[in-house]
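Student: Dropping a structure here in structure tokens format, bear with me for questions.
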Amino acid sequence: KNQVEQSPQSLIILEGKNCTLQCNYTVSPFSNLRWYKQDTGRGPVSLTIMTFSENTKSNGRYTATLDADTKQSSLHITASQLSDSASYICVVSPFSGGYNKLIFGAGTRLAVHP
Amino acid sequence: KAGVTQTPRYLIKTRGQQVTLSCSPISGHRSVSWYQQTPGQGLQFLFEYFSETQRNKGNFPGRFSGRQFSNSRSEMNVSTLELGDSALYLCASSLAEGGPYGYTFGSGTRLTVV
């Protein structure tokens with residue numbers, strides 16, 4: 001069964017600190033892996049998107065890595081800011097002959113405290 | 001350019017009623033996907049429409065249906081509402097079916113069933 005698991009479930013860090021969020025998936029083969037940021041009550045906003053052949057992708061203070069051999073991805077946030085407080089969702093698109101369907105992780109809820 | 005617009009933002013319905021939610025994609029986007037988000041289940045895929053045709057469907061009962069119009073706007077209908085249907089309903093648009101170029105989400109419609 002295709003699954004996407006994220007850890008930790010929640011995380012509290014102090015402003016200015018770095019953190020790393022994990023995503024393990026069993027989806028295979030897959031088309032791409034995406035990280036989204038979702039503020040409370042809003043829709044998810046795309047941070048990064050990586051194909052199976054890419055190892056890393058950056059977007060400002062956000063850096064995503066992908067290890068297709070171990071089926072793991074991580075999202076590293078550097079110099080955290082209060083506005084980084086949100087849920088971060090890992091999403092995998094299985095490659096299914098052209099009709100892709102997103103598989104979502106449950107998300108990691110990040111709280112950045114001053 | 002305008003983003004994905006979902007209306008209404010908030011809705012309160014009673015059990016047994018039906019509801020219709022609307023989604024206007026980004027201009028030029030022809031794919032619209034619908035998702036249900038609840039605290040317990042996270043984001044779950046409902047269905048995807050492309051060129052007025054349902055291309056993919058998640059594991060939801062037949063009470064959940066949708067359609068897409070020639071201008072790519074989409075509606076989602078839920079009949080015989082149940083308390084468990086209370087959720088944030090998100091739609092996402094993409095240039096092409098399957099979202100190979102990424103999905104852009106709307107802010108969602110918060111449905112409360114009482």
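Chain lettering (A, B, ...) mirrors the order of the structure tokens, residue numbering begins at 1 for each chain separately, and ligand numbering begins at 1 in order of display.
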Within 6 Å of Ser33 in chain B, counting only C-alpha atoms, which residues show up once you throw out same-chain ones fewer than 3 positions away? Write them as a list in words, please.

Tutor: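 Counting only C-alpha atoms, the residues come to Phe47, Glu48, Cys91 and Ala92 of chain B.
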
Student: Counting only C-alpha atoms, what is within 12 Å of Ser51 in chain B, bar same-chain residues fewer than 3 positions away, as a tab-separated table (two decimals) with all heavy atoms, in the first residue's frame?

Tutor:
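And here is the file that came out, part.tsv:
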```tsv
chain	number	residue	atom	x	y	z
B	28	GLY	N	-6.19	29.69	-17.22
B	28	GLY	CA	-5.32	28.86	-18.04
B	28	GLY	C	-5.12	27.46	-17.50
B	28	GLY	O	-4.67	26.57	-18.24
B	29	HIS	N	-5.40	27.27	-16.23
B	29	HIS	CA	-5.30	25.93	-15.65
B	29	HIS	C	-6.53	25.12	-16.02
B	29	HIS	O	-7.66	25.59	-15.86
B	29	HIS	CB	-5.17	26.00	-14.12
B	29	HIS	CG	-3.81	26.41	-13.66
B	29	HIS	ND1	-3.38	26.22	-12.37
B	29	HIS	CD2	-2.77	26.98	-14.32
B	29	HIS	CE1	-2.14	26.66	-12.25
B	29	HIS	NE2	-1.76	27.13	-13.41
B	30	ARG	N	-6.32	23.90	-16.46
B	30	ARG	CA	-7.44	23.07	-16.91
B	30	ARG	C	-7.74	21.90	-15.98
B	30	ARG	O	-8.72	21.20	-16.15
B	30	ARG	CB	-7.15	22.56	-18.31
B	30	ARG	CG	-7.02	23.68	-19.35
B	30	ARG	CD	-6.52	23.14	-20.67
B	30	ARG	NE	-7.42	22.15	-21.24
B	30	ARG	CZ	-7.09	21.33	-22.24
B	30	ARG	NH1	-5.87	21.39	-22.75
B	30	ARG	NH2	-7.97	20.47	-22.72
B	31	SER	N	-6.86	21.69	-15.00
B	31	SER	CA	-7.07	20.59	-14.07
B	31	SER	C	-7.49	21.14	-12.72
B	31	SER	O	-6.89	22.09	-12.20
B	31	SER	CB	-5.77	19.78	-13.93
B	31	SER	OG	-5.86	18.91	-12.82
B	32	VAL	N	-8.52	20.55	-12.15
B	32	VAL	CA	-8.97	20.92	-10.81
B	32	VAL	C	-9.12	19.64	-9.98
B	32	VAL	O	-9.78	18.69	-10.41
B	32	VAL	CB	-10.31	21.67	-10.83
B	32	VAL	CG1	-10.82	21.89	-9.41
B	32	VAL	CG2	-10.17	23.01	-11.56
B	48	GLU	N	-10.29	14.35	-9.37
B	48	GLU	CA	-9.63	15.31	-10.25
B	48	GLU	C	-10.42	15.42	-11.55
B	48	GLU	O	-10.86	14.41	-12.10
B	48	GLU	CB	-8.20	14.90	-10.56
B	48	GLU	CG	-7.49	15.89	-11.51
B	48	GLU	CD	-6.04	15.53	-11.79
B	48	GLU	OE1	-5.66	14.37	-11.56
B	48	GLU	OE2	-5.29	16.42	-12.25
B	54	GLN	N	-14.05	13.65	-15.28
B	54	GLN	CA	-13.41	13.15	-14.06
B	54	GLN	C	-12.34	12.16	-14.44
B	54	GLN	O	-12.62	11.11	-15.03
B	54	GLN	CB	-14.45	12.49	-13.14
B	54	GLN	CG	-13.87	12.10	-11.78
B	54	GLN	CD	-14.90	11.44	-10.89
B	54	GLN	OE1	-15.04	10.22	-10.87
B	54	GLN	NE2	-15.64	12.26	-10.16
B	55	ARG	N	-11.10	12.45	-14.07
B	55	ARG	CA	-9.97	11.63	-14.47
B	55	ARG	C	-9.53	10.64	-13.42
B	55	ARG	O	-8.91	9.64	-13.72
B	55	ARG	CB	-8.78	12.54	-14.81
B	55	ARG	CG	-9.01	13.44	-15.98
B	55	ARG	CD	-9.21	12.67	-17.27
B	55	ARG	NE	-9.02	13.52	-18.43
B	55	ARG	CZ	-8.92	13.05	-19.67
B	55	ARG	NH1	-8.98	11.76	-19.88
B	55	ARG	NH2	-8.76	13.89	-20.67
B	67	ARG	N	-18.23	18.22	-10.72
B	67	ARG	CA	-18.28	18.44	-12.16
B	67	ARG	C	-17.37	19.62	-12.50
B	67	ARG	O	-17.02	20.42	-11.63
B	67	ARG	CB	-19.70	18.69	-12.64
B	67	ARG	CG	-20.40	19.90	-11.99
B	67	ARG	CD	-21.77	20.09	-12.58
B	67	ARG	NE	-22.52	21.17	-11.93
B	67	ARG	CZ	-23.66	21.65	-12.41
B	67	ARG	NH1	-24.20	21.16	-13.51
B	67	ARG	NH2	-24.28	22.63	-11.78
B	68	GLN	N	-17.05	19.69	-13.77
B	68	GLN	CA	-16.23	20.81	-14.25
B	68	GLN	C	-16.90	21.39	-15.47
B	68	GLN	O	-17.40	20.66	-16.33
B	68	GLN	CB	-14.81	20.34	-14.58
B	68	GLN	CG	-13.87	21.48	-14.94
B	68	GLN	CD	-12.46	21.01	-15.25
B	68	GLN	OE1	-12.26	19.94	-15.80
B	68	GLN	NE2	-11.47	21.81	-14.89
B	69	PHE	N	-16.87	22.70	-15.55
B	69	PHE	CA	-17.51	23.40	-16.65
B	69	PHE	C	-16.49	23.72	-17.74
B	69	PHE	O	-15.28	23.56	-17.55
B	69	PHE	CB	-18.18	24.68	-16.13
B	69	PHE	CG	-19.19	24.42	-15.05
B	69	PHE	CD1	-18.85	24.49	-13.72
B	69	PHE	CD2	-20.50	24.07	-15.39
B	69	PHE	CE1	-19.78	24.24	-12.72
B	69	PHE	CE2	-21.43	23.81	-14.39
B	69	PHE	CZ	-21.07	23.89	-13.05
B	70	SER	N	-17.00	24.20	-18.85
B	70	SER	CA	-16.13	24.46	-20.00
B	70	SER	C	-15.10	25.55	-19.70
B	70	SER	O	-14.05	25.61	-20.34
B	70	SER	CB	-16.96	24.85	-21.23
B	70	SER	OG	-17.75	25.99	-20.95
B	71	ASN	N	-15.37	26.41	-18.73
B	71	ASN	CA	-14.39	27.46	-18.37
B	71	ASN	C	-13.43	26.98	-17.28
B	71	ASN	O	-12.71	27.78	-16.69
B	71	ASN	CB	-15.11	28.72	-17.92
B	71	ASN	CG	-15.96	28.51	-16.68
B	71	ASN	OD1	-16.05	27.38	-16.16
B	71	ASN	ND2	-16.59	29.55	-16.19
B	72	SER	N	-13.44	25.68	-17.02
B	72	SER	CA	-12.59	24.99	-16.03
B	72	SER	C	-13.03	25.17	-14.59
B	72	SER	O	-12.48	24.52	-13.71
B	72	SER	CB	-11.11	25.40	-16.17
B	72	SER	OG	-10.59	24.96	-17.39
B	73	ARG	N	-13.99	26.05	-14.34
B	73	ARG	CA	-14.52	26.14	-12.97
B	73	ARG	C	-15.12	24.81	-12.57
B	73	ARG	O	-15.65	24.06	-13.40
B	73	ARG	CB	-15.56	27.24	-12.88
B	73	ARG	CG	-16.03	27.58	-11.46
B	73	ARG	CD	-17.03	28.72	-11.46
B	73	ARG	NE	-18.32	28.34	-12.00
B	73	ARG	CZ	-19.29	27.74	-11.30
B	73	ARG	NH1	-19.11	27.47	-10.02
B	73	ARG	NH2	-20.45	27.45	-11.87
B	74	SER	N	-15.02	24.51	-11.28
B	74	SER	CA	-15.51	23.20	-10.82
B	74	SER	C	-16.41	23.38	-9.60
B	74	SER	O	-16.27	24.34	-8.84
B	74	SER	CB	-14.31	22.31	-10.47
B	74	SER	OG	-14.75	21.06	-9.95
B	94	SER	N	-4.12	23.00	-11.68
B	94	SER	CA	-2.85	22.74	-12.33
B	94	SER	C	-2.99	22.94	-13.82
B	94	SER	O	-4.09	22.82	-14.37
B	94	SER	CB	-2.40	21.30	-12.02
B	94	SER	OG	-1.18	21.02	-12.66
B	95	LEU	N	-1.87	23.24	-14.46
B	95	LEU	CA	-1.90	23.44	-15.90
B	95	LEU	C	-2.38	22.18	-16.63
B	95	LEU	O	-3.14	22.24	-17.58
B	95	LEU	CB	-0.51	23.81	-16.41
B	95	LEU	CG	-0.15	25.28	-16.43
B	95	LEU	CD1	1.33	25.45	-16.77
B	95	LEU	CD2	-1.00	26.04	-17.44
B	96	ALA	N	-1.88	21.04	-16.15
B	96	ALA	CA	-2.18	19.79	-16.85
B	96	ALA	C	-2.66	18.74	-15.88
B	96	ALA	O	-2.43	18.84	-14.68
B	96	ALA	CB	-0.93	19.30	-17.59
B	97	GLU	N	-3.29	17.73	-16.43
B	97	GLU	CA	-3.78	16.61	-15.63
B	97	GLU	C	-2.63	15.96	-14.88
B	97	GLU	O	-1.55	15.77	-15.41
B	97	GLU	CB	-4.42	15.60	-16.59
B	97	GLU	CG	-4.91	14.33	-15.95
B	97	GLU	CD	-5.35	13.33	-16.99
B	97	GLU	OE1	-5.39	13.69	-18.19
B	97	GLU	OE2	-5.65	12.19	-16.63
```

Student: Identify every residue of chain A that has at least one atom within 10 Å of any atom of chain B, counting only C-alpha atoms, and report the result as an MDAnalysis selection string.

Tutor: chainID A and resid 31:32 34 38:39 41:46 48:49 51 89 91 93:96 98:107

Student: Restrict the selected residues to C-alpha atoms and save them as a tab-separated table (two decimals), in the first residue's frame.

Tutor:
```
chain	number	residue	atom	x	y	z
A	31	SER	CA	6.77	10.77	-10.26
A	32	ASN	CA	7.72	13.50	-7.83
A	34	ARG	CA	6.68	17.83	-2.90
A	38	GLN	CA	0.09	25.13	5.35
A	39	ASP	CA	-0.83	27.97	7.66
A	41	GLY	CA	-7.09	27.72	8.03
A	42	ARG	CA	-5.38	28.26	4.69
A	43	GLY	CA	-4.56	26.08	1.72
A	44	PRO	CA	-1.12	24.45	1.34
A	45	VAL	CA	1.56	26.45	-0.47
A	46	SER	CA	4.24	24.66	-2.45
A	48	THR	CA	9.72	22.46	-3.28
A	49	ILE	CA	9.08	19.80	-5.88
A	51	THR	CA	11.57	14.36	-9.34
A	89	ILE	CA	3.19	18.34	4.47
A	91	VAL	CA	3.25	14.76	-0.77
A	93	SER	CA	2.79	11.55	-6.72
A	94	PRO	CA	2.82	7.89	-7.74
A	95	PHE	CA	3.58	7.28	-11.38
A	96	SER	CA	0.55	5.40	-12.62
A	98	GLY	CA	-0.40	9.31	-16.57
A	99	TYR	CA	-3.23	9.48	-14.04
A	100	ASN	CA	-1.40	10.70	-10.98
A	101	LYS	CA	-3.00	10.92	-7.60
A	102	LEU	CA	-1.35	12.73	-4.72
A	103	ILE	CA	-0.61	10.81	-1.52
A	104	PHE	CA	-0.29	13.08	1.49
A	105	GLY	CA	1.60	12.64	4.71
A	106	ALA	CA	-0.16	13.63	7.92
A	107	GLY	CA	2.14	16.62	8.29
```

Student: List every residue of chain A that DSSP, applied to the backbone, labels as strand (DSSP E or B), and write the result as a PyMOL selection string.

Tutor: chain A and resi 4-7+10-14+19-25+30-38+45-51+56-59+62-67+72-77+86-94+103-104+108-113

Student: List the neighbours of range 12-14 of chain B out to 6 Å using only C-alpha atoms; skip same-chain residues closer than 6 positions along the sequence, and give me the result as a PyMOL selection string.

Tutor: chain B and resi 111-114

Student: Mind writing the picked residues with all heavy atoms as a PDB file, in the first residue's frame?

Tutor:
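result24.pdb was written with the following content:
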```pdb
ATOM      1  N   LEU B 111     -16.483  23.552   6.049  1.00  0.00           N
ATOM      2  CA  LEU B 111     -17.860  23.061   6.172  1.00  0.00           C
ATOM      3  C   LEU B 111     -18.075  22.489   7.569  1.00  0.00           C
ATOM      4  O   LEU B 111     -17.298  21.635   8.021  1.00  0.00           O
ATOM      5  CB  LEU B 111     -18.151  21.991   5.122  1.00  0.00           C
ATOM      6  CG  LEU B 111     -19.482  21.240   5.267  1.00  0.00           C
ATOM      7  CD1 LEU B 111     -20.654  22.195   5.046  1.00  0.00           C
ATOM      8  CD2 LEU B 111     -19.548  20.081   4.282  1.00  0.00           C
ATOM      9  N   THR B 112     -19.084  22.963   8.238  1.00  0.00           N
ATOM     10  CA  THR B 112     -19.470  22.424   9.533  1.00  0.00           C
ATOM     11  C   THR B 112     -20.870  21.857   9.427  1.00  0.00           C
ATOM     12  O   THR B 112     -21.797  22.557   9.005  1.00  0.00           O
ATOM     13  CB  THR B 112     -19.447  23.511  10.622  1.00  0.00           C
ATOM     14  OG1 THR B 112     -18.132  24.075  10.680  1.00  0.00           O
ATOM     15  CG2 THR B 112     -19.798  22.924  11.984  1.00  0.00           C
ATOM     16  N   VAL B 113     -21.012  20.589   9.781  1.00  0.00           N
ATOM     17  CA  VAL B 113     -22.311  19.926   9.750  1.00  0.00           C
ATOM     18  C   VAL B 113     -22.785  19.738  11.197  1.00  0.00           C
ATOM     19  O   VAL B 113     -22.062  19.174  12.022  1.00  0.00           O
ATOM     20  CB  VAL B 113     -22.229  18.565   9.043  1.00  0.00           C
ATOM     21  CG1 VAL B 113     -23.606  17.908   8.988  1.00  0.00           C
ATOM     22  CG2 VAL B 113     -21.669  18.732   7.638  1.00  0.00           C
ATOM     23  N   VAL B 114     -23.969  20.265  11.497  1.00  0.00           N
ATOM     24  CA  VAL B 114     -24.486  20.194  12.871  1.00  0.00           C
ATOM     25  C   VAL B 114     -25.774  19.357  12.935  1.00  0.00           C
ATOM     26  O   VAL B 114     -26.397  19.099  11.899  1.00  0.00           O
ATOM     27  CB  VAL B 114     -24.744  21.603  13.435  1.00  0.00           C
ATOM     28  CG1 VAL B 114     -23.444  22.375  13.510  1.00  0.00           C
ATOM     29  CG2 VAL B 114     -25.780  22.339  12.593  1.00  0.00           C
TER      30      VAL B 114
END
```

Student: Check the smallest atom-to-atom distance from each of A:Thr40, A:Asn18, A:Ser10, A:Ser58 to Ile77 in chain A using only C-alpha atoms, then report the winner.

Tutor: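 Of the candidates, the smallest distance to Ile77 in chain A is held by A:Asn18.
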
Student: What's the 8 Å shell around Asp84 in chain A, counting only C-alpha atoms, without same-chain residues fewer than 4 positions away, as a PyMOL selection string?

Tutor: chain A and resi 80+110-112

Student: Please, what distance in Å, to one decimal, runs between CA of Gln6 in chain A and CA of Asn24 in chain A?

Tutor: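 Computing it gives 6.3 Å between the two atoms.
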
Student: Just want the 9 Å neighbourhood of Val78 in chain B, counted on only C-alpha atoms, with same-chain residues fewer than 4 positions away dropped. Output as an NGL selection string.

Tutor: :B and (17-21 or 62-66 or 85)

Student: Mind checking which residues fall within 9 Å of Ala79 in chain A, counting only C-alpha atoms, ignoring those fewer than 4 positions away in the same chain, and posting them as number ranges by chain?

Tutor: A: 15-19, 61

Student: Just write the chosen residues, all heavy atoms, as a CSV table (one decimal), in the first residue's frame.

Tutor:
```csv
chain,number,residue,atom,x,y,z
A,15,GLU,N,13.1,30.7,17.9
A,15,GLU,CA,13.4,31.6,16.7
A,15,GLU,C,14.9,31.6,16.5
A,15,GLU,O,15.6,31.8,17.4
A,15,GLU,CB,12.8,33.0,17.0
A,15,GLU,CG,12.9,33.9,15.8
A,15,GLU,CD,12.3,35.3,16.2
A,15,GLU,OE1,12.0,35.5,17.3
A,15,GLU,OE2,12.1,36.1,15.2
A,16,GLY,N,15.2,31.5,15.2
A,16,GLY,CA,16.6,31.6,14.9
A,16,GLY,C,17.3,30.2,14.8
A,16,GLY,O,18.4,30.1,14.2
A,17,LYS,N,16.7,29.2,15.4
A,17,LYS,CA,17.3,27.8,15.3
A,17,LYS,C,16.9,27.1,14.0
A,17,LYS,O,16.0,27.5,13.3
A,17,LYS,CB,16.8,27.0,16.5
A,17,LYS,CG,17.2,27.5,17.9
A,17,LYS,CD,18.7,27.5,18.0
A,17,LYS,CE,19.1,27.9,19.4
A,17,LYS,NZ,20.6,28.0,19.6
A,18,ASN,N,17.7,26.1,13.7
A,18,ASN,CA,17.4,25.2,12.5
A,18,ASN,C,16.6,24.0,12.9
A,18,ASN,O,16.6,23.6,14.1
A,18,ASN,CB,18.7,24.8,11.9
A,18,ASN,CG,19.6,25.9,11.5
A,18,ASN,OD1,19.2,27.0,11.3
A,18,ASN,ND2,20.9,25.7,11.4
A,19,CYS,N,16.0,23.4,12.0
A,19,CYS,CA,15.3,22.2,12.2
A,19,CYS,C,15.2,21.3,11.0
A,19,CYS,O,15.3,21.9,9.9
A,19,CYS,CB,13.9,22.4,12.8
A,19,CYS,SG,12.7,23.2,11.7
A,61,ARG,N,15.2,29.8,2.7
A,61,ARG,CA,15.7,29.1,3.9
A,61,ARG,C,15.2,27.6,4.0
A,61,ARG,O,15.5,26.9,4.9
A,61,ARG,CB,15.2,29.9,5.1
A,61,ARG,CG,15.8,31.3,5.2
A,61,ARG,CD,15.3,32.0,6.5
A,61,ARG,NE,13.8,32.2,6.4
A,61,ARG,CZ,12.9,31.5,7.1
A,61,ARG,NH1,13.4,30.5,7.9
A,61,ARG,NH2,11.7,31.8,7.0
```

Student: What does the distance from CA of Val4 in chain A to CA of Tyr49 in chain B come to in Å, to one decimal?

Tutor: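 A separation of 23.8 Å between them.
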
Student: Between CA of Pro61 in chain B and CA of Ser79 in chain B, what is the distance, to one decimal in Å?

Tutor: 10.2 Å
